[in-house]
Amino acid sequence: MPSPLLALFIALAPSTAEPPPVRYEVTFPNVVHHEAEISVTLADLPPGPVEFRMSRSSPGRYALHEFAKNVHDVSAVDGAGRALEVTRPNPYQWDVAGHDGTVTLSYTLFADRADGTYSQLDPTHAHMNMPATFMWARGHDNRAIEVRFEPPPGSGWKAATQLFPTDDPWTFTAPGLQYFLDSPTELSDFDLREWRIAGPRVDSRAGSARDSPAGPGDSLTVRLAIHHLGTEAEVDAYAEWAQAIVEEQIAVYGEPPAWDVGSYTFIADYLPWASGDGMEHRNSTILTSSSSLATNARGLVGTVSHEFFHTWNVERIRPKTLEPFDFERANMSRELWFAEGFTSYYTPLILVRAGITTPEDYARGLSGGLDVVINSPAREFFGPAGMSMQAPFVDAATAVDPNNRTNTFISYYTYGSVIGLGLDLTLRSRFDRTLDGFMRHLWEAHGESEIPYVVEDIERELGAFTGDAGFAADFFDRFVRGSELPDYEALLANAGLLLRPLAPEAAFLGLIRLEPVDGGMLVVSPTRIGEPLYEAGVDVDHVIRSIGGMRLTSDADWQAIKDAHAPGDEVEIVFDARGRQVTGRVRFADDPQLEVVPYEDAGRELTPEMRALRDSWLGSRR
Ligand SMILES: [Zn+2]
């Protein structure tokens, strides 16, 4: 189908000024050894060197990933096929000078990791994350792009992508580099399910900054492409869940986005040789796992919920710090507590509304996040905005040296989801409004029109939504810029949920992992600020010999020591600290771990008001 958007694109631009598209050719002669041969051609170039780059970052991933490391055998020719010299001024760049206005650069790519960041090439598939795959020429971002794949003969591959189709099934286009690099492409013999949904509301495109073939009243297509080793029946059941998730999320925002290609594509690889991940894009998402629908559908479907929510929150309600995405360096954002965290708040909430999990599972599932955020010492150093800014060091980042994250970091996914919970329950109990309503408000203020936001925009819109700018300022000062927390015990009580200690009266020394070694237990995880062992000077790598005169050589000893003491007891501790034998004092504390329990399971009365709030919060909105 010829793309209406491309036609529009060409019609809008004066044809004389429009440079020819950047053309990519991709073949797979050595796919069994995870290689592709890729060439990129630019014509109508001004004189001077062309700077070809491999990306160092990828949309939705916040740490640096040096994709240049998997490229070799780079060469270049001009329009007449004459060889051109290629120089390499830095690790990520190949410069080509002396051309005749046309350059074709060719290289071999090695790729063998199927997830949201990397590519994997083997006879079963070409799973391509574009920044990990394609070199691009600096300064030509606005040129249209055409890419042609030549699958291995007899492979049985098809294509799943948000790239624009053409009359040739293997040629796709993108209106520019930003869109191209945001369009992961899976070539494989996948199973496909697709269904139609109603398009955006009639007035939804009034202020749209981007043109879309999905106009008022049109319907849209949702596609689920799954590359897997299971059965058709498993795919059918999973597609039913996906459909319920899509409907529940559209009910939150009131309409789907006007997807640029008129469709949204879930691209899933559930294969033993894939790595677990999920990655959002404008009109598609990558879902990967080494597990299968047969054994883990319930575990996998959370990623469907999370990534689809991003088609509104992140892809269109978009942090200014990520727009446009910079492929040459790490992109730092203060807004990930909202972009990722509020999306994470909705991930399980949508599953319960869609009937995939139970309200009780949902309620108990809140325990982990609340426990982490309430008890972490890291809030002393950073609030949600500050945690967001650490993403370049934690989001699939790799390093060989130890870090102090146990004491200085809380995931902005977890932290943001807990702030989302606090805001939702506050809106419900204090304003008779909901976070659903506020997300829809933000969609109308920033999403439909794609006006990127900063933290202060959300604060202002919260004031407008509640009619109480003072409340919004206070909420943001204390809970977003600061690191105080809402009163979760009181807020959850409104829904008949009890936040209480997991192990009341238990004596506590620290949340650590221990391993038996000769004559003691080795501390294998960092100790946390404020916990008894940390305050006693115990750190990772130390070996604890005895506590309160009781020898410590096994997990059973560790439990016996805690059982024999009460919070407040102060006793002797003997440990080895990197060759130093230390005899000190340690004071048992109350176990700070928390859990959330429905009132009815805790022997408390669930009032009709609590029941009503819970039902409107966790019930289906379809
Ligand atoms: Zn996410």
# chains A, B, ... in the order shown; residues from 1 in each chain; ligands from 1
$ residues_around --residues "segment 325-339 of chain A" --least-positions-apart "4" --cutoff "10 Å" --atoms "only C-alpha atoms" --output "mmCIF file with N, CA, C and O atoms, in the first residue's frame"
data_model
loop_
_atom_site.group_PDB
_atom_site.id
_atom_site.type_symbol
_atom_site.label_atom_id
_atom_site.label_comp_id
_atom_site.auth_asym_id
_atom_site.auth_seq_id
_atom_site.Cartn_x
_atom_site.Cartn_y
_atom_site.Cartn_z
ATOM 1 N N ARG A 53 28.267 7.683 11.234
ATOM 2 C CA ARG A 53 28.326 7.369 12.667
ATOM 3 C C ARG A 53 27.573 6.084 12.966
ATOM 4 O O ARG A 53 26.547 5.805 12.359
ATOM 5 N N MET A 54 28.060 5.332 13.953
ATOM 6 C CA MET A 54 27.210 4.359 14.631
ATOM 7 C C MET A 54 26.698 5.059 15.888
ATOM 8 O O MET A 54 27.437 5.805 16.539
ATOM 9 N N SER A 55 25.439 4.826 16.231
ATOM 10 C CA SER A 55 24.843 5.454 17.402
ATOM 11 C C SER A 55 25.535 4.981 18.682
ATOM 12 O O SER A 55 26.116 3.892 18.726
ATOM 13 N N ARG A 56 25.436 5.811 19.711
ATOM 14 C CA ARG A 56 25.917 5.434 21.048
ATOM 15 C C ARG A 56 24.757 5.273 22.023
ATOM 16 O O ARG A 56 24.973 4.936 23.193
ATOM 17 N N SER A 57 23.555 5.553 21.562
ATOM 18 C CA SER A 57 22.390 5.418 22.439
ATOM 19 C C SER A 57 21.198 5.035 21.574
ATOM 20 O O SER A 57 21.258 5.081 20.353
ATOM 21 N N SER A 58 20.109 4.633 22.242
ATOM 22 C CA SER A 58 18.948 4.093 21.539
ATOM 23 C C SER A 58 17.689 4.582 22.251
ATOM 24 O O SER A 58 17.649 4.588 23.479
ATOM 25 N N PRO A 59 16.654 4.996 21.507
ATOM 26 C CA PRO A 59 15.473 5.584 22.149
ATOM 27 C C PRO A 59 14.851 4.642 23.181
ATOM 28 O O PRO A 59 14.602 3.476 22.883
ATOM 29 N N GLY A 60 14.606 5.160 24.373
ATOM 30 C CA GLY A 60 14.008 4.353 25.430
ATOM 31 C C GLY A 60 15.034 3.674 26.319
ATOM 32 O O GLY A 60 14.696 3.100 27.346
ATOM 33 N N ARG A 61 16.298 3.723 25.896
ATOM 34 C CA ARG A 61 17.380 3.150 26.708
ATOM 35 C C ARG A 61 18.272 4.317 27.077
ATOM 36 O O ARG A 61 18.627 5.105 26.213
ATOM 37 N N TYR A 62 18.637 4.442 28.349
ATOM 38 C CA TYR A 62 19.252 5.698 28.765
ATOM 39 C C TYR A 62 20.755 5.620 29.003
ATOM 40 O O TYR A 62 21.391 6.641 29.179
ATOM 41 N N ALA A 63 21.322 4.420 29.027
ATOM 42 C CA ALA A 63 22.776 4.306 29.171
ATOM 43 C C ALA A 63 23.423 4.273 27.788
ATOM 44 O O ALA A 63 22.761 4.015 26.783
ATOM 45 N N LEU A 64 24.734 4.531 27.757
ATOM 46 C CA LEU A 64 25.468 4.446 26.493
ATOM 47 C C LEU A 64 25.664 2.978 26.110
ATOM 48 O O LEU A 64 25.953 2.137 26.962
ATOM 49 N N HIS A 65 25.515 2.682 24.826
ATOM 50 C CA HIS A 65 25.813 1.349 24.301
ATOM 51 C C HIS A 65 26.624 1.565 23.029
ATOM 52 O O HIS A 65 26.156 2.220 22.106
ATOM 53 N N GLU A 66 27.842 1.049 23.025
ATOM 54 C CA GLU A 66 28.765 1.372 21.933
ATOM 55 C C GLU A 66 28.546 0.423 20.759
ATOM 56 O O GLU A 66 29.234 -0.571 20.584
ATOM 57 N N TYR A 92 33.539 6.023 16.981
ATOM 58 C CA TYR A 92 32.157 5.867 16.525
ATOM 59 C C TYR A 92 31.947 6.354 15.104
ATOM 60 O O TYR A 92 30.818 6.380 14.620
ATOM 61 N N PRO A 131 19.390 1.578 15.884
ATOM 62 C CA PRO A 131 20.670 2.207 16.245
ATOM 63 C C PRO A 131 21.803 1.181 16.395
ATOM 64 O O PRO A 131 22.972 1.530 16.227
ATOM 65 N N GLN A 178 15.153 10.331 12.681
ATOM 66 C CA GLN A 178 14.570 10.080 14.004
ATOM 67 C C GLN A 178 13.561 8.938 13.934
ATOM 68 O O GLN A 178 13.557 8.049 14.780
ATOM 69 N N LEU A 181 15.372 5.420 13.110
ATOM 70 C CA LEU A 181 16.098 4.805 14.224
ATOM 71 C C LEU A 181 15.159 4.384 15.354
ATOM 72 O O LEU A 181 15.541 3.620 16.237
ATOM 73 N N ASP A 182 13.916 4.858 15.323
ATOM 74 C CA ASP A 182 12.909 4.494 16.326
ATOM 75 C C ASP A 182 12.051 3.310 15.855
ATOM 76 O O ASP A 182 11.077 2.958 16.504
ATOM 77 N N PHE A 309 1.222 1.296 27.176
ATOM 78 C CA PHE A 309 0.909 2.557 27.864
ATOM 79 C C PHE A 309 1.831 3.672 27.377
ATOM 80 O O PHE A 309 1.468 4.847 27.358
ATOM 81 N N HIS A 310 3.057 3.296 26.989
ATOM 82 C CA HIS A 310 4.032 4.270 26.489
ATOM 83 C C HIS A 310 3.619 4.902 25.158
ATOM 84 O O HIS A 310 4.168 5.934 24.787
ATOM 85 N N TRP A 312 1.120 6.461 24.598
ATOM 86 C CA TRP A 312 0.690 7.799 25.038
ATOM 87 C C TRP A 312 1.808 8.435 25.872
ATOM 88 O O TRP A 312 2.371 9.445 25.489
ATOM 89 N N ASN A 313 2.081 7.784 27.044
ATOM 90 C CA ASN A 313 2.980 8.393 28.031
ATOM 91 C C ASN A 313 4.444 8.050 27.714
ATOM 92 O O ASN A 313 4.889 6.960 28.012
ATOM 93 N N VAL A 314 5.164 8.921 27.123
ATOM 94 C CA VAL A 314 6.569 8.899 26.680
ATOM 95 C C VAL A 314 6.639 9.198 25.194
ATOM 96 O O VAL A 314 7.371 10.070 24.770
ATOM 97 N N GLU A 315 5.852 8.451 24.396
ATOM 98 C CA GLU A 315 5.982 8.645 22.955
ATOM 99 C C GLU A 315 5.298 9.935 22.485
ATOM 100 O O GLU A 315 5.745 10.561 21.522
ATOM 101 N N ILE A 317 3.075 12.089 25.113
ATOM 102 C CA ILE A 317 3.267 12.948 26.283
ATOM 103 C C ILE A 317 4.757 12.798 26.569
ATOM 104 O O ILE A 317 5.193 11.879 27.258
ATOM 105 N N ARG A 318 5.572 13.655 25.965
ATOM 106 C CA ARG A 318 6.994 13.367 25.795
ATOM 107 C C ARG A 318 7.872 14.331 26.577
ATOM 108 O O ARG A 318 7.725 15.548 26.454
ATOM 109 N N PRO A 319 8.797 13.805 27.382
ATOM 110 C CA PRO A 319 9.713 14.708 28.089
ATOM 111 C C PRO A 319 10.548 15.523 27.095
ATOM 112 O O PRO A 319 11.073 14.976 26.121
ATOM 113 N N LYS A 320 10.656 16.809 27.372
ATOM 114 C CA LYS A 320 11.430 17.703 26.513
ATOM 115 C C LYS A 320 12.882 17.249 26.410
ATOM 116 O O LYS A 320 13.534 17.431 25.378
ATOM 117 N N THR A 321 13.374 16.639 27.481
ATOM 118 C CA THR A 321 14.771 16.209 27.522
ATOM 119 C C THR A 321 15.070 15.072 26.543
ATOM 120 O O THR A 321 16.228 14.760 26.301
ATOM 121 N N THR A 343 3.968 4.993 34.213
ATOM 122 C CA THR A 343 3.670 3.861 33.328
ATOM 123 C C THR A 343 3.747 2.550 34.122
ATOM 124 O O THR A 343 2.897 1.668 33.964
ATOM 125 N N SER A 344 4.727 2.461 35.015
ATOM 126 C CA SER A 344 4.846 1.263 35.850
ATOM 127 C C SER A 344 3.696 1.156 36.847
ATOM 128 O O SER A 344 3.281 0.055 37.211
ATOM 129 N N TYR A 345 3.185 2.306 37.315
ATOM 130 C CA TYR A 345 2.007 2.262 38.195
ATOM 131 C C TYR A 345 0.830 1.628 37.457
ATOM 132 O O TYR A 345 0.090 0.810 38.005
ATOM 133 N N GLY A 383 15.430 12.798 45.350
ATOM 134 C CA GLY A 383 14.003 12.546 45.164
ATOM 135 C C GLY A 383 13.793 11.914 43.795
ATOM 136 O O GLY A 383 14.764 11.539 43.113
ATOM 137 N N PRO A 384 12.530 11.799 43.349
ATOM 138 C CA PRO A 384 12.246 11.136 42.072
ATOM 139 C C PRO A 384 12.961 11.774 40.875
ATOM 140 O O PRO A 384 13.459 11.064 39.991
ATOM 141 N N ALA A 385 13.043 13.109 40.860
ATOM 142 C CA ALA A 385 13.713 13.765 39.729
ATOM 143 C C ALA A 385 15.202 13.417 39.729
ATOM 144 O O ALA A 385 15.782 13.122 38.676
ATOM 145 N N GLY A 386 15.811 13.421 40.907
ATOM 146 C CA GLY A 386 17.235 13.102 41.011
ATOM 147 C C GLY A 386 17.534 11.655 40.657
ATOM 148 O O GLY A 386 18.558 11.350 40.036
ATOM 149 N N MET A 387 16.625 10.749 41.032
ATOM 150 C CA MET A 387 16.807 9.333 40.652
ATOM 151 C C MET A 387 16.744 9.194 39.130
ATOM 152 O O MET A 387 17.502 8.429 38.528
ATOM 153 N N SER A 388 15.821 9.948 38.500
ATOM 154 C CA SER A 388 15.670 9.877 37.042
ATOM 155 C C SER A 388 16.978 10.231 36.335
ATOM 156 O O SER A 388 17.334 9.638 35.315
ATOM 157 N N MET A 389 17.696 11.195 36.914
ATOM 158 C CA MET A 389 18.920 11.669 36.261
ATOM 159 C C MET A 389 20.063 10.655 36.345
ATOM 160 O O MET A 389 21.091 10.812 35.688
ATOM 161 N N GLN A 390 19.897 9.603 37.152
ATOM 162 C CA GLN A 390 20.931 8.561 37.232
ATOM 163 C C GLN A 390 20.745 7.465 36.180
ATOM 164 O O GLN A 390 21.566 6.549 36.075
ATOM 165 N N ALA A 391 19.666 7.552 35.411
ATOM 166 C CA ALA A 391 19.355 6.490 34.446
ATOM 167 C C ALA A 391 20.543 6.124 33.541
ATOM 168 O O ALA A 391 20.752 4.946 33.259
ATOM 169 N N PRO A 392 21.331 7.101 33.057
ATOM 170 C CA PRO A 392 22.449 6.726 32.186
ATOM 171 C C PRO A 392 23.449 5.768 32.832
ATOM 172 O O PRO A 392 24.218 5.117 32.138
ATOM 173 N N PHE A 393 23.423 5.655 34.173
ATOM 174 C CA PHE A 393 24.358 4.747 34.837
ATOM 175 C C PHE A 393 23.715 3.419 35.241
ATOM 176 O O PHE A 393 24.409 2.513 35.691
ATOM 177 N N SER A 411 15.141 2.741 41.955
ATOM 178 C CA SER A 411 14.713 2.764 40.559
ATOM 179 C C SER A 411 13.575 3.762 40.384
ATOM 180 O O SER A 411 12.608 3.777 41.142
ATOM 181 N N TYR A 412 13.695 4.603 39.352
ATOM 182 C CA TYR A 412 12.627 5.584 39.056
ATOM 183 C C TYR A 412 11.368 4.868 38.580
ATOM 184 O O TYR A 412 10.290 5.442 38.617
ATOM 185 N N TYR A 413 11.476 3.606 38.151
ATOM 186 C CA TYR A 413 10.276 2.809 37.848
ATOM 187 C C TYR A 413 9.490 2.583 39.142
ATOM 188 O O TYR A 413 8.296 2.843 39.221
ATOM 189 N N THR A 414 10.196 2.071 40.162
ATOM 190 C CA THR A 414 9.549 1.747 41.432
ATOM 191 C C THR A 414 9.119 3.020 42.161
ATOM 192 O O THR A 414 7.968 3.131 42.605
ATOM 193 N N TYR A 415 10.029 3.953 42.275
ATOM 194 C CA TYR A 415 9.761 5.198 42.999
ATOM 195 C C TYR A 415 8.588 5.928 42.328
ATOM 196 O O TYR A 415 7.627 6.343 42.985
ATOM 197 N N GLY A 416 8.654 6.049 41.003
ATOM 198 C CA GLY A 416 7.595 6.753 40.281
ATOM 199 C C GLY A 416 6.252 6.044 40.392
ATOM 200 O O GLY A 416 5.201 6.684 40.486
ATOM 201 N N SER A 417 6.263 4.704 40.416
ATOM 202 C CA SER A 417 4.992 3.976 40.509
ATOM 203 C C SER A 417 4.360 4.209 41.878
ATOM 204 O O SER A 417 3.134 4.316 42.003
ATOM 205 N N VAL A 418 5.186 4.323 42.904
ATOM 206 C CA VAL A 418 4.684 4.571 44.256
ATOM 207 C C VAL A 418 4.154 6.014 44.373
ATOM 208 O O VAL A 418 3.136 6.261 45.024
ATOM 209 N N ILE A 419 4.816 6.965 43.720
ATOM 210 C CA ILE A 419 4.298 8.348 43.696
ATOM 211 C C ILE A 419 2.974 8.383 42.913
ATOM 212 O O ILE A 419 2.024 9.077 43.290
ATOM 213 N N GLY A 420 2.894 7.604 41.826
ATOM 214 C CA GLY A 420 1.642 7.517 41.059
ATOM 215 C C GLY A 420 0.506 6.977 41.907
ATOM 216 O O GLY A 420 -0.621 7.500 41.869
ATOM 217 N N TYR A 453 7.071 18.208 27.493
ATOM 218 C CA TYR A 453 6.890 18.815 28.812
ATOM 219 C C TYR A 453 8.159 18.750 29.643
ATOM 220 O O TYR A 453 9.053 17.932 29.384
ATOM 221 N N VAL A 454 8.191 19.630 30.658
ATOM 222 C CA VAL A 454 9.167 19.515 31.743
ATOM 223 C C VAL A 454 8.371 19.308 33.031
ATOM 224 O O VAL A 454 7.143 19.430 33.030
ATOM 225 N N VAL A 455 9.066 18.992 34.136
ATOM 226 C CA VAL A 455 8.391 18.672 35.395
ATOM 227 C C VAL A 455 7.372 19.755 35.767
ATOM 228 O O VAL A 455 6.253 19.457 36.183
ATOM 229 N N ILE A 458 3.848 19.488 34.331
ATOM 230 C CA ILE A 458 2.926 18.528 34.978
ATOM 231 C C ILE A 458 2.361 19.161 36.244
ATOM 232 O O ILE A 458 1.171 19.017 36.545
ATOM 233 N N VAL A 480 8.178 15.274 44.687
ATOM 234 C CA VAL A 480 8.860 15.128 43.398
ATOM 235 C C VAL A 480 10.231 15.797 43.426
ATOM 236 O O VAL A 480 11.251 15.161 43.174
ATOM 237 N N ARG A 481 10.257 17.093 43.757
ATOM 238 C CA ARG A 481 11.560 17.750 43.886
ATOM 239 C C ARG A 481 12.207 17.354 45.211
ATOM 240 O O ARG A 481 13.412 17.201 45.302
#
$ residues_near_ligand --ligand "ligand 1" --cutoff "7 Å" --atoms "only C-alpha atoms and all ligand atoms" --output "list in words"
Met279, Glu280, His306, Glu307, His310, Glu340 and Thr343 of chain A
$ closest_residue --among "A:Ala159, A:Leu192, A:Val31, A:Ala43" --to "Leu109 of chain A" --atoms "only C-alpha atoms"
A:Val31
$ residues_around --residues "segment 78-85 of chain A" --least-positions-apart "3" --cutoff "9 Å" --atoms "only C-alpha atoms" --output "ChimeraX atom specification"
/A:43,75,95-105
$ residues_around --residues "Lys158 of chain A" --least-positions-apart "4" --cutoff "7 Å" --atoms "only C-alpha atoms" --output "list of chain:residue names"
A:Leu187, A:Ser188, A:Asp189
$ write_last_selection --atoms "C-alpha atoms" --output "mmCIF file, in the first residue's frame"
data_model
loop_
_atom_site.group_PDB
_atom_site.id
_atom_site.type_symbol
_atom_site.label_atom_id
_atom_site.label_comp_id
_atom_site.auth_asym_id
_atom_site.auth_seq_id
_atom_site.Cartn_x
_atom_site.Cartn_y
_atom_site.Cartn_z
ATOM 1 C CA LEU A 187 12.235 -10.423 9.960
ATOM 2 C CA SER A 188 11.155 -13.954 10.807
ATOM 3 C CA ASP A 189 8.459 -16.570 10.338
#
$ residues_around --residues "Arg113 of chain A" --least-positions-apart "6" --cutoff "10 Å" --atoms "only C-alpha atoms" --output "CSV table (one decimal) with all heavy atoms, in the first residue's frame"
chain,number,residue,atom,x,y,z
A,34,HIS,N,25.8,-14.9,12.4
A,34,HIS,CA,25.3,-13.6,13.0
A,34,HIS,C,25.8,-12.4,12.3
A,34,HIS,O,26.0,-11.3,13.0
A,34,HIS,CB,25.6,-13.6,14.5
A,34,HIS,CG,25.4,-14.9,15.2
A,34,HIS,ND1,24.2,-15.4,15.4
A,34,HIS,CD2,26.3,-15.8,15.8
A,34,HIS,CE1,24.3,-16.6,16.0
A,34,HIS,NE2,25.6,-16.8,16.2
A,119,SER,N,20.6,-6.1,18.4
A,119,SER,CA,20.1,-6.9,17.3
A,119,SER,C,20.6,-8.3,17.4
A,119,SER,O,21.6,-8.6,18.0
A,119,SER,CB,20.6,-6.3,15.9
A,119,SER,OG,20.1,-4.9,15.8
A,120,GLN,N,19.8,-9.2,16.7
A,120,GLN,CA,20.3,-10.6,16.7
A,120,GLN,C,20.0,-11.1,15.3
A,120,GLN,O,18.9,-11.0,14.7
A,120,GLN,CB,19.5,-11.5,17.7
A,120,GLN,CG,20.0,-12.9,17.7
A,120,GLN,CD,19.4,-13.7,18.9
A,120,GLN,OE1,18.2,-13.9,19.0
A,120,GLN,NE2,20.3,-14.1,19.8
A,121,LEU,N,21.1,-11.7,14.7
A,121,LEU,CA,21.0,-12.2,13.3
A,121,LEU,C,21.3,-13.7,13.4
A,121,LEU,O,22.4,-14.1,13.9
A,121,LEU,CB,22.0,-11.5,12.4
A,121,LEU,CG,22.0,-10.0,12.4
A,121,LEU,CD1,23.2,-9.4,11.7
A,121,LEU,CD2,20.7,-9.5,11.7
A,127,HIS,N,16.5,-9.8,14.0
A,127,HIS,CA,15.8,-9.0,14.9
A,127,HIS,C,16.7,-7.7,15.0
A,127,HIS,O,17.8,-7.8,15.5
A,127,HIS,CB,15.8,-9.7,16.3
A,127,HIS,CG,15.4,-8.9,17.4
A,127,HIS,ND1,14.1,-8.7,17.9
A,127,HIS,CD2,16.2,-8.0,18.2
A,127,HIS,CE1,14.1,-7.9,18.9
A,127,HIS,NE2,15.3,-7.5,19.1
A,128,MET,N,16.2,-6.6,14.5
A,128,MET,CA,17.0,-5.4,14.4
A,128,MET,C,16.5,-4.2,15.2
A,128,MET,O,15.5,-3.7,14.9
A,128,MET,CB,17.1,-5.0,12.9
A,128,MET,CG,17.9,-6.0,12.1
A,128,MET,SD,17.7,-5.8,10.3
A,128,MET,CE,16.1,-6.4,10.0
A,273,TRP,N,16.7,-18.2,22.8
A,273,TRP,CA,18.0,-17.5,22.5
A,273,TRP,C,17.7,-15.9,22.5
A,273,TRP,O,18.5,-15.2,22.1
A,273,TRP,CB,18.6,-17.9,21.2
A,273,TRP,CG,17.6,-18.0,20.0
A,273,TRP,CD1,17.3,-17.0,19.1
A,273,TRP,CD2,16.8,-19.1,19.7
A,273,TRP,NE1,16.4,-17.5,18.2
A,273,TRP,CE2,16.1,-18.8,18.5
A,273,TRP,CE3,16.6,-20.4,20.2
A,273,TRP,CZ2,15.2,-19.7,17.9
A,273,TRP,CZ3,15.7,-21.3,19.6
A,273,TRP,CH2,15.0,-20.9,18.4
A,274,ALA,N,16.5,-15.5,23.1
A,274,ALA,CA,16.3,-14.1,23.2
A,274,ALA,C,16.6,-13.7,24.7
A,274,ALA,O,16.7,-14.6,25.6
A,274,ALA,CB,14.9,-13.7,22.9
A,275,SER,N,16.7,-12.4,25.0
A,275,SER,CA,17.0,-11.9,26.3
A,275,SER,C,15.8,-11.1,26.8
A,275,SER,O,15.2,-10.3,26.0
A,275,SER,CB,18.3,-11.1,26.3
A,275,SER,OG,19.3,-11.8,25.8
$ closest_residue --among "A:Ala493, A:Val86, A:Leu514, A:Ala556" --to "Arg604 of chain A" --atoms "only C-alpha atoms"
A:Ala493
$ residues_around --residues "Glu186 of chain A" --least-positions-apart "6" --cutoff "9 Å" --atoms "only C-alpha atoms" --output "CSV table (one decimal) with all heavy atoms, in the first residue's frame"
chain,number,residue,atom,x,y,z
A,125,HIS,N,15.9,-15.6,12.5
A,125,HIS,CA,15.4,-14.2,12.4
A,125,HIS,C,16.5,-13.1,12.2
A,125,HIS,O,17.7,-13.4,12.6
A,125,HIS,CB,14.5,-13.8,13.6
A,125,HIS,CG,15.2,-13.7,14.9
A,125,HIS,ND1,14.5,-13.3,16.0
A,125,HIS,CD2,16.5,-14.0,15.4
A,125,HIS,CE1,15.3,-13.3,17.1
A,125,HIS,NE2,16.5,-13.7,16.7
A,126,ALA,N,16.1,-12.0,11.7
A,126,ALA,CA,16.9,-10.8,11.8
A,126,ALA,C,16.1,-9.9,12.7
A,126,ALA,O,15.1,-9.3,12.3
A,126,ALA,CB,17.1,-10.2,10.4
A,127,HIS,N,16.5,-9.8,14.0
A,127,HIS,CA,15.8,-9.0,14.9
A,127,HIS,C,16.7,-7.7,15.0
A,127,HIS,O,17.8,-7.8,15.5
A,127,HIS,CB,15.8,-9.7,16.3
A,127,HIS,CG,15.4,-8.9,17.4
A,127,HIS,ND1,14.1,-8.7,17.9
A,127,HIS,CD2,16.2,-8.0,18.2
A,127,HIS,CE1,14.1,-7.9,18.9
A,127,HIS,NE2,15.3,-7.5,19.1
A,128,MET,N,16.2,-6.6,14.5
A,128,MET,CA,17.0,-5.4,14.4
A,128,MET,C,16.5,-4.2,15.2
A,128,MET,O,15.5,-3.7,14.9
A,128,MET,CB,17.1,-5.0,12.9
A,128,MET,CG,17.9,-6.0,12.1
A,128,MET,SD,17.7,-5.8,10.3
A,128,MET,CE,16.1,-6.4,10.0
A,129,ASN,N,17.3,-3.8,16.2
A,129,ASN,CA,17.1,-2.5,16.7
A,129,ASN,C,18.0,-1.5,15.9
A,129,ASN,O,19.2,-1.8,15.7
A,129,ASN,CB,17.6,-2.5,18.2
A,129,ASN,CG,17.2,-1.2,18.9
A,129,ASN,OD1,16.1,-0.7,18.7
A,129,ASN,ND2,18.1,-0.6,19.6
A,158,LYS,N,9.0,-13.0,7.2
A,158,LYS,CA,8.1,-11.9,6.9
A,158,LYS,C,8.6,-10.7,7.7
A,158,LYS,O,9.6,-10.9,8.5
A,158,LYS,CB,6.7,-12.2,7.3
A,158,LYS,CG,6.1,-13.5,6.8
A,158,LYS,CD,4.7,-13.7,7.3
A,158,LYS,CE,4.6,-14.1,8.8
A,158,LYS,NZ,4.7,-15.5,9.1
A,159,ALA,N,8.0,-9.5,7.5
A,159,ALA,CA,8.5,-8.3,8.2
A,159,ALA,C,7.5,-7.8,9.2
A,159,ALA,O,6.3,-7.7,8.8
A,159,ALA,CB,8.9,-7.2,7.2
A,160,ALA,N,7.9,-7.5,10.4
A,160,ALA,CA,7.1,-6.8,11.4
A,160,ALA,C,7.8,-5.5,11.7
A,160,ALA,O,8.9,-5.5,12.2
A,160,ALA,CB,6.8,-7.6,12.6
A,161,THR,N,7.2,-4.3,11.5
A,161,THR,CA,7.9,-3.1,11.7
A,161,THR,C,6.9,-1.9,11.7
A,161,THR,O,5.8,-2.1,11.1
A,161,THR,CB,8.9,-2.8,10.6
A,161,THR,OG1,9.6,-1.6,10.8
A,161,THR,CG2,8.3,-2.8,9.2
A,225,ALA,N,2.7,-9.6,16.4
A,225,ALA,CA,3.6,-10.5,15.7
A,225,ALA,C,4.5,-11.2,16.7
A,225,ALA,O,5.2,-10.6,17.5
A,225,ALA,CB,4.5,-9.7,14.7
A,227,HIS,N,7.2,-14.2,17.4
A,227,HIS,CA,8.2,-15.2,16.9
A,227,HIS,C,8.5,-16.1,18.1
A,227,HIS,O,9.0,-15.7,19.1
A,227,HIS,CB,9.5,-14.5,16.4
A,227,HIS,CG,10.5,-15.4,15.9
A,227,HIS,ND1,11.9,-15.1,15.8
A,227,HIS,CD2,10.4,-16.7,15.4
A,227,HIS,CE1,12.5,-16.1,15.3
A,227,HIS,NE2,11.7,-17.1,15.0
A,267,ILE,N,5.9,-6.4,18.6
A,267,ILE,CA,6.9,-7.3,18.0
A,267,ILE,C,7.5,-8.1,19.1
A,267,ILE,O,8.3,-7.6,19.9
A,267,ILE,CB,8.0,-6.5,17.2
A,267,ILE,CG1,7.3,-5.5,16.2
A,267,ILE,CG2,8.9,-7.5,16.6
A,267,ILE,CD1,8.3,-4.6,15.6
A,268,ALA,N,7.1,-9.4,19.2
A,268,ALA,CA,7.5,-10.2,20.3
A,268,ALA,C,8.5,-11.3,19.8
A,268,ALA,O,8.2,-12.0,18.8
A,268,ALA,CB,6.3,-10.8,21.0
A,269,ASP,N,9.5,-11.5,20.6
A,269,ASP,CA,10.4,-12.7,20.4
A,269,ASP,C,10.4,-13.5,21.7
A,269,ASP,O,11.1,-13.0,22.7
A,269,ASP,CB,11.8,-12.3,20.0
A,269,ASP,CG,12.0,-11.8,18.6
A,269,ASP,OD1,11.7,-10.6,18.4
A,269,ASP,OD2,12.3,-12.6,17.8
$ residues_around --residues "Asp590 of chain A" --least-positions-apart "2" --cutoff "12 Å" --atoms "only C-alpha atoms" --output "PyMOL selection string"
chain A and resi 501-510+530-532+562+565-569+587-588+592-594
